[in-house]
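A.B. asks: Got a file for you: structure_33.txt, compact mmCIF, C-alpha atoms.
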```
# COMPACT_ATOMS: atom_id res chain seq x y z
CA MET N 1 102.50 93.45 90.06
CA ILE N 2 103.28 95.26 86.78
CA ARG N 3 104.82 98.14 88.74
CA ARG N 4 107.06 95.73 90.63
CA LEU N 5 108.17 93.98 87.44
CA LEU N 6 109.03 97.33 85.87
CA LEU N 7 110.93 98.37 88.97
CA ALA N 8 112.79 95.09 88.99
CA GLY N 9 113.76 95.57 85.38
CA ALA N 10 114.92 99.12 86.02
CA LEU N 11 117.01 98.02 88.96
CA ALA N 12 118.56 95.14 87.04
CA PHE N 13 119.39 97.47 84.13
CA ALA N 14 121.07 99.93 86.49
CA THR N 15 123.36 97.40 88.11
CA GLN N 16 126.83 96.65 86.83
CA ALA N 17 127.53 93.50 84.87
CA ALA N 18 129.51 90.87 86.74
CA ALA N 19 130.63 87.31 86.24
CA ALA N 20 128.83 84.61 88.16
CA PRO N 21 130.22 84.23 91.68
CA ASP N 22 132.63 81.37 92.35
CA MET N 23 130.78 79.08 94.73
CA ASP N 24 133.77 76.73 94.89
CA ARG N 25 135.74 79.63 96.37
CA LEU N 26 132.97 80.21 98.91
CA ASP N 27 132.93 76.52 99.78
CA ARG N 28 136.67 76.62 100.42
CA ALA N 29 136.17 79.65 102.68
CA VAL N 30 133.44 77.80 104.58
CA GLU N 31 135.66 74.73 104.91
CA ALA N 32 138.50 76.85 106.28
CA ALA N 33 136.14 78.53 108.74
CA ALA N 34 134.77 75.16 109.86
CA LYS N 35 138.30 73.86 110.52
CA ALA N 36 138.89 76.97 112.64
CA GLY N 37 135.78 76.21 114.70
CA PHE N 38 132.94 77.94 112.85
CA LYS N 39 129.54 76.33 113.14
CA GLY N 40 126.45 77.72 111.50
CA GLN N 41 124.72 78.31 108.20
CA VAL N 42 125.99 80.19 105.15
CA LEU N 43 123.79 81.28 102.25
CA ALA N 44 124.57 83.16 99.07
CA GLY N 45 122.14 84.25 96.42
CA ASP N 46 121.45 86.56 93.53
CA ARG N 47 118.17 88.20 92.57
CA ASP N 48 116.71 84.99 91.20
CA ALA N 49 118.08 82.04 93.13
CA VAL N 50 119.84 80.70 96.19
CA LEU N 51 123.31 79.88 94.90
CA TYR N 52 124.75 78.32 98.03
CA ASP N 53 123.31 76.93 101.27
CA ARG N 54 125.45 74.96 103.67
CA THR N 55 125.33 74.28 107.40
CA VAL N 56 128.48 73.06 109.16
CA GLY N 57 129.10 71.83 112.69
CA MET N 58 125.42 71.55 113.59
CA ALA N 59 121.99 70.60 112.29
CA THR N 60 120.18 73.30 110.35
CA PRO N 61 117.71 74.98 112.74
CA ASP N 62 114.06 75.29 111.76
CA LEU N 63 114.17 78.84 113.17
CA TRP N 64 117.11 81.17 113.61
CA ILE N 65 116.88 84.24 115.82
CA TRP N 66 117.44 87.08 113.35
CA GLY N 67 118.20 89.61 116.08
CA SER N 68 118.88 93.15 114.92
CA VAL N 69 118.30 92.24 111.30
CA SER N 70 114.76 92.96 112.50
CA LYS N 71 115.78 96.65 112.47
CA GLN N 72 116.59 96.43 108.77
CA ILE N 73 113.19 94.92 108.10
CA ALA N 74 111.51 97.56 110.28
CA ALA N 75 113.18 100.22 108.14
CA THR N 76 111.80 98.51 105.03
CA LEU N 77 108.27 98.55 106.48
CA VAL N 78 108.65 102.25 107.29
CA MET N 79 109.75 102.98 103.73
CA MET N 80 106.77 101.03 102.39
CA GLU N 81 104.50 103.33 104.41
CA VAL N 82 106.44 106.38 103.19
CA GLU N 83 105.73 105.27 99.62
CA ARG N 84 102.04 104.90 100.50
CA GLY N 85 102.02 108.42 101.94
CA THR N 86 100.97 107.35 105.43
CA LEU N 87 104.34 108.30 106.96
CA SER N 88 107.21 110.68 106.29
CA LEU N 89 110.79 110.27 107.45
CA ASP N 90 110.52 113.79 108.86
CA ASP N 91 107.48 113.00 111.04
CA THR N 92 108.23 113.29 114.75
CA VAL N 93 107.43 110.73 117.41
CA ALA N 94 105.14 113.26 119.12
CA GLU N 95 103.18 113.81 115.89
CA ARG N 96 102.63 110.09 115.43
CA LEU N 97 102.29 109.14 119.10
CA PRO N 98 100.56 112.10 120.80
CA ALA N 99 100.55 110.24 124.12
CA PHE N 100 104.33 109.87 124.11
CA PRO N 101 105.08 111.30 127.56
CA ASP N 102 108.37 113.11 127.09
CA PRO N 103 108.33 116.23 124.86
CA ASP N 104 112.09 116.24 124.34
CA THR N 105 112.47 112.71 123.03
CA GLY N 106 109.12 113.12 121.26
CA ALA N 107 110.87 115.65 119.02
CA ALA N 108 112.87 112.85 117.39
CA THR N 109 112.01 112.18 113.74
CA LEU N 110 111.56 108.78 112.15
CA ARG N 111 114.81 109.36 110.26
CA GLN N 112 116.59 109.94 113.57
CA LEU N 113 115.10 106.76 115.00
CA LEU N 114 116.37 104.84 111.98
CA GLN N 115 119.85 106.40 112.25
CA HIS N 116 120.09 106.10 116.06
CA THR N 117 120.43 109.83 116.59
CA SER N 118 117.16 110.26 118.53
CA GLY N 119 118.47 110.64 122.07
CA LEU N 120 116.14 107.90 123.34
CA PRO N 121 117.31 105.87 126.34
CA ASP N 122 119.04 102.53 125.93
CA PRO N 123 117.29 99.59 127.65
CA ASP N 124 120.59 97.67 127.61
CA ALA N 125 122.03 100.28 129.98
CA ALA N 126 119.48 99.46 132.66
CA GLY N 127 121.60 96.76 134.26
CA ASP N 128 121.76 93.01 133.87
CA GLY N 129 119.40 92.58 130.95
CA ASP N 130 116.25 91.94 132.99
CA VAL N 131 114.29 93.83 130.38
CA TYR N 132 114.79 90.89 128.00
CA ARG N 133 113.96 88.22 130.56
CA ARG N 134 110.29 89.11 130.84
CA ALA N 135 107.74 86.74 129.40
CA GLY N 136 104.51 88.58 130.14
CA PRO N 137 101.76 89.20 127.57
CA THR N 138 102.99 92.73 126.85
CA ALA N 139 106.65 91.85 126.30
CA GLY N 140 107.65 93.59 123.10
CA GLY N 141 104.24 95.19 122.64
CA THR N 142 103.39 98.84 122.12
CA ALA N 143 102.58 99.61 125.76
CA ASP N 144 105.76 97.91 126.87
CA ALA N 145 107.72 99.85 124.27
CA LEU N 146 106.54 103.21 125.49
CA GLY N 147 107.15 102.25 129.09
CA LEU N 148 110.72 101.19 128.29
CA CYS N 149 111.74 103.99 126.02
CA ALA N 150 109.85 107.16 126.91
CA GLY N 151 111.95 108.15 129.89
CA PRO N 152 113.34 111.70 130.10
CA ARG N 153 116.30 112.30 127.84
CA ALA N 154 118.01 115.18 126.10
CA ARG N 155 116.55 116.43 122.84
CA PRO N 156 117.95 114.82 119.68
CA THR N 157 121.44 116.19 118.96
CA GLY N 158 122.33 114.27 115.80
CA THR N 159 124.90 112.21 117.69
CA PHE N 160 124.97 108.51 116.87
CA ALA N 161 124.11 106.32 119.88
CA TYR N 162 123.02 102.78 119.09
CA ASN N 163 120.08 101.47 121.09
CA ASN N 164 117.03 99.22 120.81
CA CYS N 165 114.52 101.85 121.90
CA ASP N 166 114.75 103.62 118.55
CA THR N 167 113.24 100.63 116.74
CA ILE N 168 110.87 99.64 119.54
CA VAL N 169 109.30 103.11 119.37
CA LEU N 170 109.38 102.96 115.57
CA GLY N 171 107.25 99.82 115.83
CA ALA N 172 104.74 101.73 117.93
CA VAL N 173 104.66 104.46 115.26
CA LEU N 174 103.99 101.86 112.57
CA GLU N 175 101.19 100.37 114.67
CA ALA N 176 99.58 103.78 115.17
CA ALA N 177 99.80 104.56 111.45
CA THR N 178 98.50 101.22 110.15
CA GLY N 179 96.37 99.79 112.94
CA LEU N 180 98.46 96.61 112.81
CA SER N 181 100.99 95.31 115.29
CA PHE N 182 104.54 94.99 114.01
CA GLY N 183 104.12 91.24 113.69
CA GLU N 184 100.85 91.61 111.77
CA LEU N 185 102.37 94.24 109.50
CA PHE N 186 105.38 92.03 108.79
CA ALA N 187 103.08 89.12 107.97
CA ARG N 188 100.80 91.10 105.63
CA LYS N 189 103.39 93.24 103.87
CA ILE N 190 106.36 90.86 103.66
CA ALA N 191 105.83 87.27 104.81
CA GLU N 192 102.60 86.56 102.96
CA PRO N 193 103.45 88.30 99.65
CA LEU N 194 106.84 86.55 99.56
CA ASP N 195 105.36 83.20 100.66
CA LEU N 196 107.86 82.87 103.48
CA LYS N 197 107.90 79.48 105.16
CA GLY N 198 108.25 80.33 108.83
CA ALA N 199 109.42 83.89 109.48
CA ARG N 200 107.49 85.61 112.26
CA MET N 201 107.82 87.50 115.51
CA ALA N 202 108.87 85.53 118.59
CA ARG N 203 106.02 84.96 121.02
CA PRO N 204 106.04 86.15 124.65
CA GLY N 205 107.50 83.42 126.83
CA GLU N 206 109.00 81.58 123.86
CA THR N 207 112.60 80.36 123.95
CA PHE N 208 114.59 78.80 121.13
CA ALA N 209 116.79 75.73 121.05
CA VAL N 210 119.39 77.61 119.01
CA GLY N 211 119.61 80.36 121.66
CA ASN N 212 122.38 80.19 124.25
CA SER N 213 120.04 80.56 127.23
CA ALA N 214 117.57 77.82 126.29
CA GLY N 215 116.84 75.79 129.43
CA ALA N 216 118.46 78.34 131.73
CA GLU N 217 116.79 79.32 134.97
CA ARG N 218 116.34 82.87 133.65
CA PRO N 219 116.37 82.59 129.86
CA VAL N 220 116.28 85.44 127.41
CA TYR N 221 112.79 85.93 125.96
CA VAL N 222 113.36 87.09 122.41
CA ALA N 223 109.89 88.64 122.16
CA ALA N 224 110.92 91.37 124.60
CA TYR N 225 113.15 92.87 121.89
CA GLY N 226 110.07 93.70 119.83
CA PRO N 227 110.76 95.22 116.40
CA ALA N 228 114.39 95.76 117.44
CA GLY N 229 115.28 92.08 117.45
CA ALA N 230 112.41 89.61 117.78
CA LEU N 231 112.01 88.34 114.22
CA VAL N 232 112.81 84.66 113.81
CA GLY N 233 112.73 82.34 110.83
CA PRO N 234 114.58 80.03 108.49
CA ALA N 235 117.68 81.43 106.83
CA ARG N 236 116.09 81.01 103.40
CA ASP N 237 113.25 83.33 104.41
CA LEU N 238 115.79 86.05 105.12
CA MET N 239 117.40 85.42 101.74
CA ALA N 240 113.97 85.79 100.10
CA ILE N 241 113.61 89.22 101.74
CA ASP N 242 117.06 90.23 100.51
CA GLN N 243 116.16 89.13 96.99
CA ALA N 244 112.91 91.10 97.13
CA LEU N 245 114.85 94.21 98.14
CA LEU N 246 117.36 93.68 95.34
CA THR N 247 114.62 93.31 92.71
CA GLY N 248 112.38 96.16 93.85
CA ALA N 249 109.57 93.83 94.91
CA LEU N 250 109.19 95.51 98.32
CA VAL N 251 110.21 99.13 97.76
CA SER N 252 111.18 101.11 94.69
CA PRO N 253 114.84 101.45 93.66
CA GLU N 254 114.72 105.09 94.78
CA SER N 255 113.44 104.11 98.21
CA ALA N 256 116.01 101.32 98.46
CA GLU N 257 118.76 103.86 97.79
CA THR N 258 117.39 106.00 100.62
CA LEU N 259 117.49 102.99 102.92
CA TRP N 260 121.03 102.02 101.92
CA ARG N 261 122.80 105.39 101.79
CA GLY N 262 125.37 105.44 104.58
CA GLU N 263 126.20 108.73 106.30
CA PRO N 264 129.98 109.11 106.76
CA SER N 265 129.60 111.54 109.67
CA LEU N 266 127.51 108.91 111.52
CA ARG N 267 129.88 105.96 111.06
CA TYR N 268 128.21 105.13 107.74
CA VAL N 269 124.90 104.28 109.34
CA ALA N 270 122.08 104.17 106.80
CA LEU N 271 118.41 103.52 107.70
CA GLY N 272 118.27 100.32 109.71
CA ALA N 273 121.62 99.15 108.36
CA TRP N 274 125.06 100.41 107.36
CA GLY N 275 126.05 101.40 103.83
CA PHE N 276 129.67 101.70 102.72
CA THR N 277 132.16 100.82 100.00
CA ALA N 278 135.02 98.44 100.75
CA PRO N 279 137.83 96.69 98.87
CA LEU N 280 137.52 92.91 98.68
CA ALA N 281 140.28 90.48 97.73
CA GLY N 282 139.83 89.52 94.08
CA CYS N 283 137.56 92.42 93.15
CA ALA N 284 138.85 94.81 90.52
CA GLN N 285 137.32 97.75 92.37
CA PRO N 286 135.75 98.42 95.79
CA VAL N 287 132.25 97.04 96.23
CA ARG N 288 129.28 98.95 97.59
CA LEU N 289 127.84 96.98 100.52
CA VAL N 290 124.86 97.16 102.83
CA GLU N 291 125.49 95.35 106.12
CA ARG N 292 123.19 94.53 109.01
CA ARG N 293 124.49 92.69 112.06
CA GLY N 294 122.51 91.04 114.79
CA ILE N 295 123.07 89.25 118.08
CA VAL N 296 120.29 88.16 120.42
CA ASP N 297 120.61 85.37 122.98
CA GLY N 298 124.07 84.58 121.64
CA VAL N 299 122.94 83.98 118.05
CA GLN N 300 124.96 86.11 115.64
CA THR N 301 123.73 87.15 112.20
CA ARG N 302 125.47 88.91 109.32
CA ASN N 303 123.27 90.03 106.42
CA LEU N 304 125.12 91.61 103.49
CA LEU N 305 123.82 93.00 100.22
CA ALA N 306 125.84 94.13 97.22
CA PRO N 307 123.14 96.16 95.44
CA ASP N 308 125.15 96.94 92.30
CA LEU N 309 125.83 93.23 91.82
CA GLY N 310 122.40 92.00 92.85
CA ARG N 311 123.81 89.54 95.35
CA ALA N 312 123.38 88.72 99.02
CA LEU N 313 125.32 86.81 101.67
CA ILE N 314 123.93 85.59 105.01
CA LEU N 315 125.96 84.13 107.88
CA LEU N 316 124.37 82.72 111.05
CA THR N 317 125.97 81.08 114.08
CA PRO N 318 124.96 80.21 117.65
CA ASP N 319 128.52 81.04 118.74
CA ALA N 320 128.26 84.30 120.68
CA ASP N 321 132.04 84.65 120.80
CA LEU N 322 132.82 84.09 117.13
CA ASP N 323 134.95 86.89 115.67
CA PHE N 324 133.60 87.69 112.21
CA GLY N 325 136.32 90.27 111.57
CA GLU N 326 135.82 93.59 109.83
CA ILE N 327 135.39 93.77 106.08
CA TRP N 328 137.23 97.07 105.80
CA GLN N 329 140.34 95.46 107.30
CA GLY N 330 140.56 93.12 104.33
CA GLU N 331 140.65 89.92 106.35
CA GLY N 332 138.55 87.73 108.59
CA LEU N 333 135.64 85.38 108.12
CA THR N 334 133.12 87.89 106.77
CA HIS N 335 135.64 89.45 104.38
CA ASP N 336 136.74 86.09 102.97
CA MET N 337 133.20 84.88 102.35
CA ALA N 338 132.08 88.24 100.97
CA ALA N 339 135.04 88.27 98.58
CA ALA N 340 134.03 84.84 97.31
CA VAL N 341 130.44 85.91 96.66
CA PHE N 342 130.90 89.48 95.45
CA CYS N 343 134.11 89.23 93.40
```
Is it possible to express this structure as structure tokens?

C.D. replies:
Amino acid sequence: MIRRLLLAGALAFATQAAAAPDMDRLDRAVEAAAKAGFKGQVLAGDRDAVLYDRTVGMATPDLWIWGSVSKQIAATLVMMEVERGTLSLDDTVAERLPAFPDPDTGAATLRQLLQHTSGLPDPDAAGDGDVYRRAGPTAGGTADALGLCAGPRARPTGTFAYNNCDTIVLGAVLEAATGLSFGELFARKIAEPLDLKGARMARPGETFAVGNSAGAERPVYVAAYGPAGALVGPARDLMAIDQALLTGALVSPESAETLWRGEPSLRYVALGAWGFTAPLAGCAQPVRLVERRGIVDGVQTRNLLAPDLGRALILLTPDADLDFGEIWQGEGLTHDMAAAVFC
């Protein structure tokens, strides 16, 4: 606890001073988005508190599907094990999973898994998404992960190619290193210490009312995404995780910087997220941002951190077709809300 308090103090000291964000400006941006058809939940917070929480166009769900934000949390769990000395970012899949059947893809390192440069196959390329419509007891589990993702593939080349197998296999590596399933590890290392109210892994066969395929003849089973996209929970639980990252309560400031450092040659991918600097309307200078997007079963998530400001912004919607825009273009829903929170 003392170490974490010291780390939090060091991180707070290192960040730039900034005026309190204008929540009235954010509320106006939310109102404008709602008039244009946005429905969902918007949260903003700093290291210490939730500053804004509003749901428009719908009732606030008990559980949101966090989708690929799960990858950001998987990266955090990996870095926690790196700090403990049980893993290294330069470990290979073959070293950590000796039974991994393909020697070429087994040469991928944990860093390459986190940056999507591993060369592993993409389960989304298999056809019509049947892989995510399985509800059996192994859906999303370690055995299922290896069966999905260990097919023959070229050796890692350093080329960015986004896929879910990278994080599914990463979850198997974490399980081998700790003896805990990804869900158990998340509960022990993050959910319980932060006293989260409902965040967990989706269960095999479970569907969600907020998901677009709920009640369909062949619904999407979120659990089949495993560590790549199967975390679910209230929006405030995700904000609590963001706050813990911003204060150093989960990993040290040095480890956080490793997680958040975007690589320009790889489209600014960091470890489990993207890290870049962008101009925002109303900010005197460009703002360093960490962004993680997610979409599973039509539920879209945007999770943004501004580490130097100690602030976070979360956007969630069940609208699979909503255009969030691109921050770097200086316009669009995400840009306008980020400008309100970070400027």

A.B. asks: Using all atoms listed in the file, which of N:Gly183, N:Pro264, N:Gly67, N:Gly158 sits nearest N:Val296?

C.D. replies: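 Ranked by minimum distance to N:Val296, first place goes to N:Gly67.
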
A.B. asks: How many Å lie between atom CA of N:Asp297 and atom CA of N:Leu113, rounded to one decimal?

C.D. replies: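 Interatomic distance, atom CA of N:Asp297 to atom CA of N:Leu113: 23.5 Å.
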
A.B. asks: Do you know which residues are at most 10 Å from N:Ala191 counting only C-alpha atoms, after dropping those on the same chain fewer than 5 positions away, and could you put them as a PDB file with C-alpha atoms, in the coordinates of the input?

C.D. replies:
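Output (part.pdb):
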```pdb
ATOM      1  CA  GLY N 183     104.120  91.240 113.690  1.00  0.00           C
ATOM      2  CA  GLU N 184     100.850  91.610 111.770  1.00  0.00           C
ATOM      3  CA  LEU N 185     102.370  94.240 109.500  1.00  0.00           C
ATOM      4  CA  PHE N 186     105.380  92.030 108.790  1.00  0.00           C
ATOM      5  CA  LEU N 196     107.860  82.870 103.480  1.00  0.00           C
ATOM      6  CA  LYS N 197     107.900  79.480 105.160  1.00  0.00           C
ATOM      7  CA  GLY N 198     108.250  80.330 108.830  1.00  0.00           C
ATOM      8  CA  ALA N 199     109.420  83.890 109.480  1.00  0.00           C
ATOM      9  CA  ARG N 200     107.490  85.610 112.260  1.00  0.00           C
ATOM     10  CA  ASP N 237     113.250  83.330 104.410  1.00  0.00           C
ATOM     11  CA  ALA N 240     113.970  85.790 100.100  1.00  0.00           C
ATOM     12  CA  ILE N 241     113.610  89.220 101.740  1.00  0.00           C
TER      13      ILE N 241
END
```

A.B. asks: Which polymer residues have any atom within 7 Å of an atom of stretch 168-173 of chain N, counting only C-alpha atoms, with same-chain residues fewer than 5 positions away left out, as a PyMOL selection string?

C.D. replies: chain N and resi 96-97+113+142+145-146+182+226-228

A.B. asks: Go ahead and compute the interatomic distance for atom CA of N:Leu174 and atom CA of N:Ala74, in Å to one decimal.

C.D. replies: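 Straight-line distance from atom CA of N:Leu174 to atom CA of N:Ala74 works out to 9.0 Å.
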
A.B. asks: At what distance in Å, to one decimal, does atom CA of N:Phe160 lie from atom CA of N:Leu266?

C.D. replies: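 Separation of atom CA of N:Leu266 and atom CA of N:Phe160: 5.9 Å.
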
A.B. asks: Between N:Trp260, N:Tyr132, N:Trp274, N:Tyr162, which one has atoms that come closest to N:Arg218, using all atoms listed in the file?

C.D. replies: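 Checking each of N:Trp260, N:Tyr132, N:Trp274, N:Tyr162 against N:Arg218, counting all atoms listed in the file, the winner is N:Tyr132.
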
A.B. asks: Counting all atoms listed in the file, write as a compact mmCIF listing (two decimals) with C-alpha atoms, in the coordinates of the input all protein and nucleic acid residues lying at most 12 Å from (110.1, 113.5, 118.2) in the file's frame.

C.D. replies:
```txt
# COMPACT_ATOMS: atom_id res chain seq x y z
CA LEU N 89 110.79 110.27 107.45
CA ASP N 90 110.52 113.79 108.86
CA ASP N 91 107.48 113.00 111.04
CA THR N 92 108.23 113.29 114.75
CA VAL N 93 107.43 110.73 117.41
CA ALA N 94 105.14 113.26 119.12
CA GLU N 95 103.18 113.81 115.89
CA ARG N 96 102.63 110.09 115.43
CA LEU N 97 102.29 109.14 119.10
CA PRO N 98 100.56 112.10 120.80
CA ALA N 99 100.55 110.24 124.12
CA PHE N 100 104.33 109.87 124.11
CA PRO N 101 105.08 111.30 127.56
CA ASP N 102 108.37 113.11 127.09
CA PRO N 103 108.33 116.23 124.86
CA ASP N 104 112.09 116.24 124.34
CA THR N 105 112.47 112.71 123.03
CA GLY N 106 109.12 113.12 121.26
CA ALA N 107 110.87 115.65 119.02
CA ALA N 108 112.87 112.85 117.39
CA THR N 109 112.01 112.18 113.74
CA LEU N 110 111.56 108.78 112.15
CA ARG N 111 114.81 109.36 110.26
CA GLN N 112 116.59 109.94 113.57
CA LEU N 113 115.10 106.76 115.00
CA THR N 117 120.43 109.83 116.59
CA SER N 118 117.16 110.26 118.53
CA GLY N 119 118.47 110.64 122.07
CA LEU N 120 116.14 107.90 123.34
CA ALA N 150 109.85 107.16 126.91
CA ARG N 153 116.30 112.30 127.84
CA ALA N 154 118.01 115.18 126.10
CA ARG N 155 116.55 116.43 122.84
CA PRO N 156 117.95 114.82 119.68
CA THR N 157 121.44 116.19 118.96
CA ASP N 166 114.75 103.62 118.55
CA VAL N 169 109.30 103.11 119.37
CA LEU N 170 109.38 102.96 115.57
CA VAL N 173 104.66 104.46 115.26
```

A.B. asks: Can you pull out every residue within 8 Å of stretch 47-57 of chain N, counting only C-alpha atoms, but drop anything in the same chain fewer than 6 positions away, and send it as a list of chain:residue names?

C.D. replies: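 Answer for this query is N:Met23, N:Ala34, N:Phe38, N:Lys39, N:Gly40, N:Gln41, N:Met239, N:Gln243, N:Ala244, N:Leu246, N:Thr247, N:Gly310, N:Arg311.
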
A.B. asks: Skip N:Asp242 itself and residues of its chain fewer than 6 positions away, then list as an MDAnalysis selection string all residues within 12 Å of it, counting all atoms listed in the file.

C.D. replies: chainID N and resid 43:50 69 72:73 76 190 194 235:236 248:251 256 290:292 303:307 310:314

A.B. asks: What's around N:Val341 at 7 Å? Count all atoms listed in the file, leave out sequence neighbours fewer than 6 positions away in its own chain, and write the answer as a PyMOL selection string.

C.D. replies: chain N and resi 21-22+26+44

A.B. asks: Counting only C-alpha atoms, figure out which residue out of N:Gly147, N:Pro286, N:Gly325, N:Gly229 gets nearest to N:Lys71.

C.D. replies: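 Result for the nearest residue to N:Lys71: N:Gly229.
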
A.B. asks: With only C-alpha atoms as the basis for distance, which of N:Thr334, N:Thr159, N:Thr178, N:Ser70 is at the shortest distance from N:Leu315?

C.D. replies: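 For N:Leu315, the nearest of the candidates is N:Thr334.
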
A.B. asks: With all atoms listed in the file as the basis for distance, which of N:Leu114, N:Thr258, N:Leu289, N:Ala224 is at the shortest distance from N:Leu148?

C.D. replies: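 Closest to N:Leu148, using all atoms listed in the file: N:Ala224.
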